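Undergrad: Input file: entry-v1.cif. Contents: mmCIF, C-alpha atoms.
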```cif
data_structure
#
loop_
_atom_site.group_PDB
_atom_site.id
_atom_site.type_symbol
_atom_site.label_atom_id
_atom_site.label_comp_id
_atom_site.auth_asym_id
_atom_site.auth_seq_id
_atom_site.Cartn_x
_atom_site.Cartn_y
_atom_site.Cartn_z
ATOM 1 C CA MET A 6 -125.375 -81.716 102.479
ATOM 2 C CA ALA A 7 -126.080 -78.427 100.724
ATOM 3 C CA ILE A 8 -126.375 -75.301 102.843
ATOM 4 C CA PRO A 9 -130.077 -75.073 103.801
ATOM 5 C CA ASP A 10 -132.137 -72.084 102.708
ATOM 6 C CA PHE A 11 -133.337 -69.772 105.440
ATOM 7 C CA GLN A 12 -136.892 -71.175 105.414
ATOM 8 C CA SER A 13 -135.525 -74.658 106.129
ATOM 9 C CA ILE A 14 -133.606 -73.208 109.074
ATOM 10 C CA MET A 15 -136.628 -71.640 110.804
ATOM 11 C CA LEU A 16 -138.162 -74.776 112.366
ATOM 12 C CA PRO A 17 -134.865 -76.296 113.584
ATOM 13 C CA LEU A 18 -133.953 -72.878 115.036
ATOM 14 C CA LEU A 19 -137.246 -72.757 116.918
ATOM 15 C CA ARG A 20 -136.589 -76.270 118.257
ATOM 16 C CA CYS A 21 -133.137 -75.169 119.433
ATOM 17 C CA LEU A 22 -134.976 -72.727 121.712
ATOM 18 C CA GLU A 23 -137.665 -75.204 122.781
ATOM 19 C CA ASP A 24 -136.202 -75.677 126.268
ATOM 20 C CA GLY A 25 -137.154 -72.087 127.090
ATOM 21 C CA GLN A 26 -133.584 -70.998 127.813
ATOM 22 C CA SER A 27 -132.265 -67.767 126.338
ATOM 23 C CA LYS A 28 -129.462 -68.512 123.888
ATOM 24 C CA ASN A 29 -126.916 -66.265 122.255
ATOM 25 C CA ASN A 30 -125.986 -66.271 118.584
ATOM 26 C CA ALA A 31 -123.062 -68.654 119.055
ATOM 27 C CA GLU A 32 -125.162 -71.199 120.955
ATOM 28 C CA ILE A 33 -127.894 -71.094 118.314
ATOM 29 C CA THR A 34 -125.389 -71.469 115.485
ATOM 30 C CA ASN A 35 -123.719 -74.448 117.207
ATOM 31 C CA CYS A 36 -127.106 -76.107 117.700
ATOM 32 C CA LEU A 37 -127.967 -75.645 114.021
ATOM 33 C CA ASN A 38 -124.532 -76.860 112.914
ATOM 34 C CA GLU A 39 -125.154 -80.093 114.796
ATOM 35 C CA TYR A 40 -128.658 -80.432 113.364
ATOM 36 C CA PHE A 41 -127.675 -79.924 109.727
ATOM 37 C CA LYS A 42 -124.263 -81.631 110.094
ATOM 38 C CA LEU A 43 -122.580 -79.091 107.844
ATOM 39 C CA SER A 44 -118.928 -79.488 106.974
ATOM 40 C CA GLU A 45 -116.432 -76.797 107.974
ATOM 41 C CA THR A 46 -116.157 -75.841 104.297
ATOM 42 C CA GLU A 47 -119.923 -75.318 104.085
ATOM 43 C CA ILE A 48 -119.979 -73.320 107.322
ATOM 44 C CA GLN A 49 -117.203 -71.023 106.079
ATOM 45 C CA GLN A 50 -118.608 -70.534 102.553
ATOM 46 C CA LEU A 51 -119.040 -66.840 101.763
ATOM 47 C CA LEU A 52 -121.651 -64.833 99.911
ATOM 48 C CA PRO A 53 -120.559 -63.517 96.482
ATOM 49 C CA SER A 54 -119.563 -60.244 98.152
ATOM 50 C CA GLY A 55 -117.081 -62.166 100.304
ATOM 51 C CA ARG A 56 -118.102 -60.184 103.375
ATOM 52 C CA GLN A 57 -120.429 -62.592 105.141
ATOM 53 C CA ARG A 58 -120.870 -66.351 105.475
ATOM 54 C CA ILE A 59 -123.859 -67.802 103.614
ATOM 55 C CA PHE A 60 -125.023 -69.995 106.512
ATOM 56 C CA GLY A 61 -124.655 -67.181 109.051
ATOM 57 C CA ASN A 62 -126.609 -64.843 106.792
ATOM 58 C CA ARG A 63 -129.422 -67.362 106.403
ATOM 59 C CA VAL A 64 -129.550 -68.039 110.147
ATOM 60 C CA ALA A 65 -129.841 -64.285 110.744
ATOM 61 C CA TRP A 66 -132.759 -64.000 108.337
ATOM 62 C CA ALA A 67 -134.465 -67.029 109.895
ATOM 63 C CA LYS A 68 -134.224 -65.278 113.280
ATOM 64 C CA THR A 69 -135.647 -62.091 111.775
ATOM 65 C CA HIS A 70 -138.670 -63.869 110.321
ATOM 66 C CA LEU A 71 -139.371 -65.844 113.503
ATOM 67 C CA LYS A 72 -139.120 -62.667 115.547
ATOM 68 C CA GLN A 73 -141.430 -60.716 113.234
ATOM 69 C CA ALA A 74 -143.970 -63.547 113.525
ATOM 70 C CA GLY A 75 -143.795 -63.364 117.322
ATOM 71 C CA LEU A 76 -142.426 -66.905 117.649
ATOM 72 C CA VAL A 77 -139.211 -65.756 119.329
ATOM 73 C CA ASP A 78 -138.166 -62.574 121.056
ATOM 74 C CA SER A 79 -134.838 -60.973 121.904
ATOM 75 C CA PRO A 80 -134.540 -59.924 125.559
ATOM 76 C CA GLN A 81 -131.142 -58.402 124.845
ATOM 77 C CA ARG A 82 -128.794 -57.853 121.949
ATOM 78 C CA GLY A 83 -127.708 -61.116 120.292
ATOM 79 C CA VAL A 84 -129.860 -63.278 122.605
ATOM 80 C CA TYR A 85 -133.069 -65.098 121.636
ATOM 81 C CA ARG A 86 -135.743 -67.163 123.372
ATOM 82 C CA ILE A 87 -138.947 -68.881 122.348
ATOM 83 C CA THR A 88 -142.293 -67.220 123.089
ATOM 84 C CA ASP A 89 -145.589 -68.782 124.167
ATOM 85 C CA ARG A 90 -146.710 -68.503 120.559
ATOM 86 C CA GLY A 91 -143.633 -70.402 119.481
ATOM 87 C CA ARG A 92 -144.376 -73.199 121.971
ATOM 88 C CA VAL A 93 -147.945 -73.463 120.690
ATOM 89 C CA LEU A 94 -146.636 -73.837 117.146
ATOM 90 C CA LEU A 95 -144.184 -76.605 118.131
ATOM 91 C CA ARG A 96 -146.998 -78.517 119.868
ATOM 92 C CA GLU A 97 -148.675 -78.690 116.459
ATOM 93 C CA ALA A 98 -145.678 -80.808 115.389
ATOM 94 C CA PRO A 99 -145.151 -79.190 111.964
ATOM 95 C CA GLU A 100 -142.827 -80.978 109.565
ATOM 96 C CA LEU A 101 -141.729 -77.744 107.916
ATOM 97 C CA LEU A 102 -142.049 -74.039 108.576
ATOM 98 C CA THR A 103 -142.105 -71.600 105.662
ATOM 99 C CA ILE A 104 -142.829 -67.947 105.055
ATOM 100 C CA ARG A 105 -146.298 -68.928 103.871
ATOM 101 C CA ASP A 106 -146.992 -70.485 107.300
ATOM 102 C CA LEU A 107 -145.957 -67.281 109.056
ATOM 103 C CA PHE A 108 -148.675 -65.292 107.301
ATOM 104 C CA ARG A 109 -151.145 -66.675 109.847
ATOM 105 C CA TYR A 110 -149.763 -64.107 112.303
ATOM 106 C CA PRO A 111 -150.953 -60.486 111.891
ATOM 107 C CA GLU A 112 -147.590 -59.027 112.953
ATOM 108 C CA PHE A 113 -145.837 -60.928 110.198
ATOM 109 C CA ARG A 114 -148.411 -59.889 107.617
ATOM 110 C CA ALA A 115 -147.752 -56.284 108.580
ATOM 111 C CA PHE A 116 -143.999 -56.883 108.327
ATOM 112 C CA ARG A 117 -144.340 -58.339 104.846
ATOM 113 C CA GLY A 118 -147.126 -56.052 103.686
ATOM 114 C CA GLU A 119 -145.207 -53.546 101.632
ATOM 115 C CA LYS A 120 -143.051 -56.221 100.060
ATOM 116 C CA GLU A 121 -146.133 -58.201 99.100
ATOM 117 C CA LYS A 122 -147.632 -55.162 97.377
ATOM 118 C CA ALA A 123 -144.463 -54.882 95.331
ATOM 119 C CA GLY A 124 -144.548 -58.586 94.452
ATOM 120 C CA VAL A 125 -141.264 -59.232 96.232
ATOM 121 C CA GLY A 126 -142.742 -61.380 98.980
ATOM 122 C CA GLU A 127 -144.412 -63.779 96.585
ATOM 123 C CA ALA A 128 -141.183 -64.119 94.642
ATOM 124 C CA VAL A 129 -139.358 -65.076 97.831
ATOM 125 C CA VAL A 130 -142.076 -67.495 98.929
ATOM 126 C CA ASN A 131 -142.080 -69.267 95.582
ATOM 127 C CA GLY A 132 -138.344 -68.895 94.919
ATOM 128 C CA GLY A 133 -136.604 -72.251 94.614
ATOM 129 C CA ASP A 134 -134.144 -71.868 97.480
ATOM 130 C CA ALA A 135 -135.900 -68.950 99.170
ATOM 131 C CA ILE A 136 -132.650 -67.039 99.313
ATOM 132 C CA THR A 137 -132.272 -64.076 101.621
ATOM 133 C CA PRO A 138 -132.578 -60.442 100.506
ATOM 134 C CA GLN A 139 -128.834 -60.027 101.066
ATOM 135 C CA GLU A 140 -128.215 -62.940 98.722
ATOM 136 C CA TYR A 141 -130.486 -61.378 96.097
ATOM 137 C CA ILE A 142 -128.399 -58.205 96.282
ATOM 138 C CA ASP A 143 -125.097 -60.063 96.184
ATOM 139 C CA LEU A 144 -126.132 -62.328 93.324
ATOM 140 C CA GLY A 145 -127.503 -59.383 91.361
ATOM 141 C CA PHE A 146 -124.295 -57.452 91.954
ATOM 142 C CA GLU A 147 -122.206 -60.450 90.928
ATOM 143 C CA LYS A 148 -124.198 -60.841 87.714
ATOM 144 C CA MET A 149 -123.722 -57.172 86.846
ATOM 145 C CA MET A 150 -119.991 -57.443 87.536
ATOM 146 C CA GLN A 151 -119.768 -60.499 85.280
ATOM 147 C CA GLU A 152 -121.419 -58.519 82.494
ATOM 148 C CA VAL A 153 -119.047 -55.583 83.065
ATOM 149 C CA SER A 154 -116.055 -57.950 83.067
ATOM 150 C CA GLY A 155 -117.225 -59.503 79.807
ATOM 151 C CA GLU A 156 -117.520 -56.074 78.204
ATOM 152 C CA LEU A 157 -114.064 -55.117 79.478
ATOM 153 C CA VAL A 158 -112.503 -58.245 77.979
ATOM 154 C CA GLU A 159 -114.135 -57.574 74.610
ATOM 155 C CA ASN A 160 -112.958 -53.949 74.598
ATOM 156 C CA ILE A 161 -109.426 -54.956 75.542
ATOM 157 C CA ARG A 162 -109.304 -57.587 72.814
ATOM 158 C CA ARG A 163 -110.391 -55.012 70.240
ATOM 159 C CA SER A 164 -107.743 -52.542 71.387
ATOM 160 C CA SER A 165 -104.191 -52.288 70.087
ATOM 161 C CA ALA A 166 -101.209 -53.891 71.819
ATOM 162 C CA TYR A 167 -99.957 -50.386 72.672
ATOM 163 C CA PHE A 168 -103.265 -49.486 74.359
ATOM 164 C CA PHE A 169 -103.185 -52.704 76.363
ATOM 165 C CA GLU A 170 -99.720 -51.871 77.634
ATOM 166 C CA LYS A 171 -100.916 -48.378 78.585
ATOM 167 C CA LEU A 172 -103.875 -49.971 80.388
ATOM 168 C CA VAL A 173 -101.485 -52.157 82.386
ATOM 169 C CA VAL A 174 -99.509 -49.077 83.492
ATOM 170 C CA ASP A 175 -102.741 -47.267 84.451
ATOM 171 C CA LEU A 176 -103.836 -50.250 86.519
ATOM 172 C CA LEU A 177 -100.519 -50.631 88.329
ATOM 173 C CA LEU A 178 -100.479 -46.900 89.091
ATOM 174 C CA ALA A 179 -104.027 -47.130 90.443
ATOM 175 C CA MET A 180 -102.911 -50.021 92.642
ATOM 176 C CA GLY A 181 -100.151 -47.883 94.130
ATOM 177 C CA TYR A 182 -97.106 -49.032 92.169
ATOM 178 C CA GLY A 183 -95.049 -46.060 91.041
ATOM 179 C CA ASP A 184 -95.691 -42.446 91.919
ATOM 180 C CA SER A 185 -96.366 -41.271 88.390
ATOM 181 C CA ARG A 186 -96.417 -42.551 84.833
ATOM 182 C CA THR A 187 -92.743 -41.575 84.534
ATOM 183 C CA ASP A 188 -91.871 -43.473 87.696
ATOM 184 C CA ALA A 189 -93.967 -46.414 86.596
ATOM 185 C CA GLY A 190 -92.126 -46.710 83.318
ATOM 186 C CA ALA A 191 -93.514 -47.362 79.864
ATOM 187 C CA LEU A 192 -94.687 -50.738 78.692
ATOM 188 C CA THR A 193 -93.952 -50.312 75.007
ATOM 189 C CA GLY A 194 -93.257 -53.931 74.184
ATOM 190 C CA LYS A 195 -90.067 -52.737 72.481
ATOM 191 C CA SER A 196 -87.708 -53.283 75.409
ATOM 192 C CA ALA A 197 -84.285 -54.544 74.508
ATOM 193 C CA ASP A 198 -84.492 -56.902 77.443
ATOM 194 C CA GLU A 199 -85.741 -60.257 76.204
ATOM 195 C CA GLY A 200 -88.884 -61.361 78.000
ATOM 196 C CA ILE A 201 -89.500 -58.041 79.747
ATOM 197 C CA ASP A 202 -91.940 -55.384 78.573
ATOM 198 C CA GLY A 203 -91.463 -52.824 81.314
ATOM 199 C CA ILE A 204 -90.196 -51.863 84.724
ATOM 200 C CA ILE A 205 -92.281 -50.462 87.558
ATOM 201 C CA ASN A 206 -90.565 -48.574 90.370
ATOM 202 C CA GLU A 207 -92.129 -49.834 93.584
ATOM 203 C CA ASP A 208 -90.864 -46.774 95.463
ATOM 204 C CA LYS A 209 -89.983 -43.200 94.493
ATOM 205 C CA LEU A 210 -86.238 -43.770 94.715
ATOM 206 C CA GLY A 211 -86.308 -46.880 92.578
ATOM 207 C CA LEU A 212 -84.753 -49.004 95.319
ATOM 208 C CA ASP A 213 -87.116 -51.846 94.480
ATOM 209 C CA VAL A 214 -88.476 -52.613 91.038
ATOM 210 C CA ILE A 215 -91.021 -54.974 89.534
ATOM 211 C CA TYR A 216 -90.568 -56.309 86.029
ATOM 212 C CA VAL A 217 -93.671 -56.688 83.894
ATOM 213 C CA GLN A 218 -94.687 -58.789 80.927
ATOM 214 C CA ALA A 219 -97.999 -57.941 79.232
ATOM 215 C CA LYS A 220 -99.494 -60.214 76.567
ATOM 216 C CA LYS A 221 -102.744 -59.493 74.728
ATOM 217 C CA TRP A 222 -103.335 -63.094 73.727
ATOM 218 C CA GLU A 223 -106.307 -65.301 73.069
ATOM 219 C CA ASN A 224 -104.526 -68.632 73.518
ATOM 220 C CA PRO A 225 -103.472 -69.834 76.994
ATOM 221 C CA VAL A 226 -100.030 -68.822 78.195
ATOM 222 C CA GLY A 227 -97.925 -71.922 78.787
ATOM 223 C CA ARG A 228 -94.877 -72.796 80.817
ATOM 224 C CA PRO A 229 -92.323 -71.860 78.097
ATOM 225 C CA GLU A 230 -93.391 -68.196 78.185
ATOM 226 C CA ILE A 231 -93.203 -68.103 81.972
ATOM 227 C CA GLN A 232 -89.794 -69.785 81.927
ATOM 228 C CA LYS A 233 -88.594 -67.144 79.485
ATOM 229 C CA PHE A 234 -89.849 -64.399 81.786
ATOM 230 C CA ALA A 235 -88.253 -66.064 84.833
ATOM 231 C CA GLY A 236 -84.967 -66.269 82.933
ATOM 232 C CA ALA A 237 -85.162 -62.566 82.152
ATOM 233 C CA LEU A 238 -85.698 -61.819 85.834
ATOM 234 C CA LEU A 239 -82.698 -63.953 86.720
ATOM 235 C CA GLY A 240 -80.597 -62.015 84.214
ATOM 236 C CA LYS A 241 -81.602 -58.813 85.992
ATOM 237 C CA LYS A 242 -80.958 -60.370 89.421
ATOM 238 C CA ALA A 243 -84.587 -59.535 90.120
ATOM 239 C CA LYS A 244 -86.958 -61.341 92.458
ATOM 240 C CA LYS A 245 -90.319 -59.835 91.519
ATOM 241 C CA GLY A 246 -92.342 -60.006 88.321
ATOM 242 C CA ILE A 247 -95.904 -59.657 87.070
ATOM 243 C CA PHE A 248 -97.117 -61.523 84.007
ATOM 244 C CA ILE A 249 -100.431 -60.163 82.718
ATOM 245 C CA THR A 250 -102.459 -61.653 79.893
ATOM 246 C CA THR A 251 -105.935 -61.229 78.459
ATOM 247 C CA SER A 252 -106.266 -65.012 78.154
ATOM 248 C CA CYS A 253 -105.386 -67.579 80.840
ATOM 249 C CA PHE A 254 -102.487 -69.685 82.093
ATOM 250 C CA THR A 255 -102.017 -73.413 81.740
ATOM 251 C CA ARG A 256 -101.712 -75.584 84.826
ATOM 252 C CA GLU A 257 -98.071 -76.244 83.906
ATOM 253 C CA ALA A 258 -97.389 -72.499 83.925
ATOM 254 C CA ALA A 259 -98.962 -72.075 87.356
ATOM 255 C CA ASP A 260 -97.081 -75.107 88.736
ATOM 256 C CA PHE A 261 -93.789 -73.725 87.433
ATOM 257 C CA VAL A 262 -94.318 -70.390 89.193
ATOM 258 C CA ARG A 263 -94.856 -72.182 92.506
ATOM 259 C CA SER A 264 -91.630 -74.162 92.066
ATOM 260 C CA ILE A 265 -89.177 -71.253 91.655
ATOM 261 C CA ASP A 266 -87.618 -68.772 94.066
ATOM 262 C CA ALA A 267 -88.570 -65.643 92.121
ATOM 263 C CA LYS A 268 -91.953 -64.160 93.041
ATOM 264 C CA ILE A 269 -93.958 -64.060 89.822
ATOM 265 C CA ILE A 270 -97.614 -63.024 89.980
ATOM 266 C CA LEU A 271 -99.824 -64.370 87.193
ATOM 267 C CA ILE A 272 -102.821 -62.205 86.280
ATOM 268 C CA ASP A 273 -105.195 -63.722 83.736
ATOM 269 C CA GLY A 274 -108.023 -62.012 81.877
ATOM 270 C CA LYS A 275 -110.584 -62.683 84.610
ATOM 271 C CA ARG A 276 -108.389 -61.357 87.387
ATOM 272 C CA LEU A 277 -107.364 -58.412 85.217
ATOM 273 C CA THR A 278 -110.959 -57.253 84.774
ATOM 274 C CA GLU A 279 -111.680 -57.778 88.485
ATOM 275 C CA LEU A 280 -108.763 -55.491 89.350
ATOM 276 C CA MET A 281 -109.885 -52.933 86.791
ATOM 277 C CA VAL A 282 -113.323 -52.847 88.416
ATOM 278 C CA ASP A 283 -111.870 -52.688 91.946
ATOM 279 C CA TYR A 284 -109.539 -49.809 91.067
ATOM 280 C CA ASN A 285 -111.878 -47.994 88.643
ATOM 281 C CA VAL A 286 -109.715 -48.370 85.543
ATOM 282 C CA GLY A 287 -111.797 -48.351 82.376
ATOM 283 C CA VAL A 288 -115.045 -48.222 84.366
ATOM 284 C CA SER A 289 -117.095 -45.513 86.041
ATOM 285 C CA VAL A 290 -119.558 -45.509 88.928
ATOM 286 C CA VAL A 291 -123.146 -44.961 87.751
ATOM 287 C CA GLN A 292 -125.037 -45.535 91.017
ATOM 288 C CA ARG A 293 -124.383 -46.243 94.691
ATOM 289 C CA TYR A 294 -126.522 -48.024 97.284
ATOM 290 C CA GLU A 295 -126.134 -48.044 101.050
ATOM 291 C CA ILE A 296 -127.278 -51.100 102.997
ATOM 292 C CA LYS A 297 -128.199 -50.236 106.565
ATOM 293 C CA LYS A 298 -129.155 -52.176 109.661
ATOM 294 C CA VAL A 299 -130.491 -51.149 113.056
ATOM 295 C CA ASP A 300 -127.820 -49.893 115.452
ATOM 296 C CA SER A 301 -128.561 -51.985 118.545
ATOM 297 C CA ASP A 302 -126.127 -49.940 120.635
ATOM 298 C CA TYR A 303 -128.289 -46.863 120.066
ATOM 299 C CA PHE A 304 -131.226 -48.573 121.792
ATOM 300 C CA SER A 305 -129.190 -50.330 124.506
ATOM 301 C CA ASP A 306 -130.157 -47.829 127.214
ATOM 302 C CA GLU A 307 -133.817 -48.695 126.714
ATOM 303 C CA GLN A 308 -133.321 -52.423 127.298
#
```
Let me see the structure of the file written as structure tokens.
TA:
Amino acid sequence: MAIPDFQSIMLPLLRCLEDGQSKNNAEITNCLNEYFKLSETEIQQLLPSGRQRIFGNRVAWAKTHLKQAGLVDSPQRGVYRITDRGRVLLREAPELLTIRDLFRYPEFRAFRGEKEKAGVGEAVVNGGDAITPQEYIDLGFEKMMQEVSGELVENIRRSSAYFFEKLVVDLLLAMGYGDSRTDAGALTGKSADEGIDGIINEDKLGLDVIYVQAKKWENPVGRPEIQKFAGALLGKKAKKGIFITTSCFTREAADFVRSIDAKIILIDGKRLTELMVDYNVGVSVVQRYEIKKVDSDYFSDEQ
């Protein structure tokens, strides 16, 4: 089944606590895993940021909403139990529990008050999957990054072959390959070595080198081009190579790379722009946000 939204998790979570026993996060998560019968792949699926699991994030927000409504409390960090109010609600035998249902409790109305004034609460209540605030942030960030990546690709495609080669050197330097532009080498595309555009010194003494091929193409790069590059590496008795293109690679090209001894990294247009964003090549930071949460350790002495 699909990963449930956090509103769909609230009632099953409350039922997991129905026996009145205090349960820690792991026990609650195991109970919900059994209820929803999620596959291991679904349980491990990450938010767009890649820093948190979707299901775990939604369980956390379900706990937050139940706690703000006074249906559960937390006697200690990471431990939850049902309250008398929660038991009363379960005796009503509801088929579903949503944010709209929680507005019957004054504490929850106060919790949501400011968001409702801003129109955010209503958007969440009526949102199709009722995704969590963290998911809104991650999805918004992902959308902005997709737009930035699209703009980067268009700018690269409009640039000259020489500029693209310079961009590749800038990126590899930013990633820590080579100590300077001189050490990194120049990707001029005029190398006398067939199939090789440039050489990157992986260390200051040049004891280990990486050979580079950079292609500003629109058509997919196929196996013949990769074979040519692999042959050039073999001629240099080299074991490492990077093949970068603005387009993509065919399946045959990717399969060939996996079948040979030489370590060749394929970087397509999508991965190229992701690396440029990660290492601030061709982009600049316009605004930063900090996401904060309560430091439970700070309050531990009071519990």
Undergrad: Near Leu102 in chain A, counting all atoms listed in the file, which residues have an atom at most 10 Å away, once you skip same-chain residues fewer than 2 positions from it, shown as number ranges by chain?
TA: A: 12-17, 19, 71, 94, 99-100, 104-107
Undergrad: Distance CA of Pro111 in chain A-CA of Lys298 in chain A, one decimal place?
TA: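 CA of Pro111 in chain A sits 23.4 Å away from CA of Lys298 in chain A.
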Undergrad: Can you work out the spacing between CA of Arg92 in chain A and CA of Asn35 in chain A in Å, to one decimal?
TA: 21.2 Å
Undergrad: Work out how far apart CA of Pro225 in chain A and CA of Glu156 in chain A are and give it in Å to one decimal.
TA: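 Straight-line distance from CA of Pro225 in chain A to CA of Glu156 in chain A works out to 19.7 Å.
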Undergrad: Return the single residue from A:Met281, A:Ile33, A:Arg82, A:Ala67 that is closest to Asp175 in chain A, with distances computed using only C-alpha atoms.
TA: A:Met281
Undergrad: Tell me which of A:Glu295, A:Asp283, A:Glu45, A:Asp10 sits closest to Ser154 in chain A, counting only C-alpha atoms.
TA: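 So, comparing all the options, the nearest one is A:Asp283.
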Undergrad: Let me make sure I understand: among A:Gly155, A:Gly83, A:Gly203, A:Pro53, which one has the smallest atom-to-atom distance to Val174 in chain A if we use all atoms listed in the file?
TA: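 Looking at the shortest contact to Val174 in chain A, the residue is A:Gly203.
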Undergrad: With N, CA, C and O atoms as the goal, would you fill in the gaps in range 65-76 of chain A and present it as a PDB file, in the coordinates of the input?
TA:
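Contents of selection20.pdb, freshly written:
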```pdb
ATOM      1  N   ALA A  65    -129.406 -65.617 110.311  1.00  0.00           N
ATOM      2  CA  ALA A  65    -129.841 -64.285 110.744  1.00  0.00           C
ATOM      3  C   ALA A  65    -131.217 -63.946 110.189  1.00  0.00           C
ATOM      4  O   ALA A  65    -132.070 -63.400 110.903  1.00  0.00           O
ATOM      5  N   TRP A  66    -131.457 -64.290 108.923  1.00  0.00           N
ATOM      6  CA  TRP A  66    -132.759 -64.000 108.337  1.00  0.00           C
ATOM      7  C   TRP A  66    -133.849 -64.913 108.896  1.00  0.00           C
ATOM      8  O   TRP A  66    -135.006 -64.498 109.029  1.00  0.00           O
ATOM      9  N   ALA A  67    -133.490 -66.141 109.247  1.00  0.00           N
ATOM     10  CA  ALA A  67    -134.465 -67.029 109.895  1.00  0.00           C
ATOM     11  C   ALA A  67    -134.884 -66.438 111.247  1.00  0.00           C
ATOM     12  O   ALA A  67    -136.074 -66.427 111.595  1.00  0.00           O
ATOM     13  N   LYS A  68    -133.916 -65.926 112.004  1.00  0.00           N
ATOM     14  CA  LYS A  68    -134.224 -65.278 113.280  1.00  0.00           C
ATOM     15  C   LYS A  68    -135.148 -64.088 113.073  1.00  0.00           C
ATOM     16  O   LYS A  68    -136.124 -63.893 113.816  1.00  0.00           O
ATOM     17  N   THR A  69    -134.837 -63.278 112.051  1.00  0.00           N
ATOM     18  CA  THR A  69    -135.647 -62.091 111.775  1.00  0.00           C
ATOM     19  C   THR A  69    -137.096 -62.465 111.499  1.00  0.00           C
ATOM     20  O   THR A  69    -138.029 -61.853 112.043  1.00  0.00           O
ATOM     21  N   HIS A  70    -137.304 -63.480 110.670  1.00  0.00           N
ATOM     22  CA  HIS A  70    -138.670 -63.869 110.321  1.00  0.00           C
ATOM     23  C   HIS A  70    -139.415 -64.466 111.512  1.00  0.00           C
ATOM     24  O   HIS A  70    -140.607 -64.189 111.717  1.00  0.00           O
ATOM     25  N   LEU A  71    -138.728 -65.278 112.315  1.00  0.00           N
ATOM     26  CA  LEU A  71    -139.371 -65.844 113.503  1.00  0.00           C
ATOM     27  C   LEU A  71    -139.728 -64.746 114.497  1.00  0.00           C
ATOM     28  O   LEU A  71    -140.795 -64.781 115.127  1.00  0.00           O
ATOM     29  N   LYS A  72    -138.855 -63.765 114.626  1.00  0.00           N
ATOM     30  CA  LYS A  72    -139.120 -62.667 115.547  1.00  0.00           C
ATOM     31  C   LYS A  72    -140.286 -61.810 115.068  1.00  0.00           C
ATOM     32  O   LYS A  72    -141.157 -61.427 115.863  1.00  0.00           O
ATOM     33  N   GLN A  73    -140.332 -61.522 113.782  1.00  0.00           N
ATOM     34  CA  GLN A  73    -141.430 -60.716 113.234  1.00  0.00           C
ATOM     35  C   GLN A  73    -142.770 -61.432 113.343  1.00  0.00           C
ATOM     36  O   GLN A  73    -143.811 -60.782 113.414  1.00  0.00           O
ATOM     37  N   ALA A  74    -142.736 -62.767 113.370  1.00  0.00           N
ATOM     38  CA  ALA A  74    -143.970 -63.547 113.525  1.00  0.00           C
ATOM     39  C   ALA A  74    -144.340 -63.732 114.989  1.00  0.00           C
ATOM     40  O   ALA A  74    -145.381 -64.333 115.293  1.00  0.00           O
ATOM     41  N   GLY A  75    -143.496 -63.245 115.898  1.00  0.00           N
ATOM     42  CA  GLY A  75    -143.795 -63.364 117.322  1.00  0.00           C
ATOM     43  C   GLY A  75    -143.512 -64.739 117.885  1.00  0.00           C
ATOM     44  O   GLY A  75    -143.993 -65.074 118.975  1.00  0.00           O
ATOM     45  N   LEU A  76    -142.732 -65.548 117.189  1.00  0.00           N
ATOM     46  CA  LEU A  76    -142.426 -66.905 117.649  1.00  0.00           C
ATOM     47  C   LEU A  76    -141.210 -66.918 118.568  1.00  0.00           C
ATOM     48  O   LEU A  76    -141.040 -67.830 119.383  1.00  0.00           O
TER      49      LEU A  76
END
```
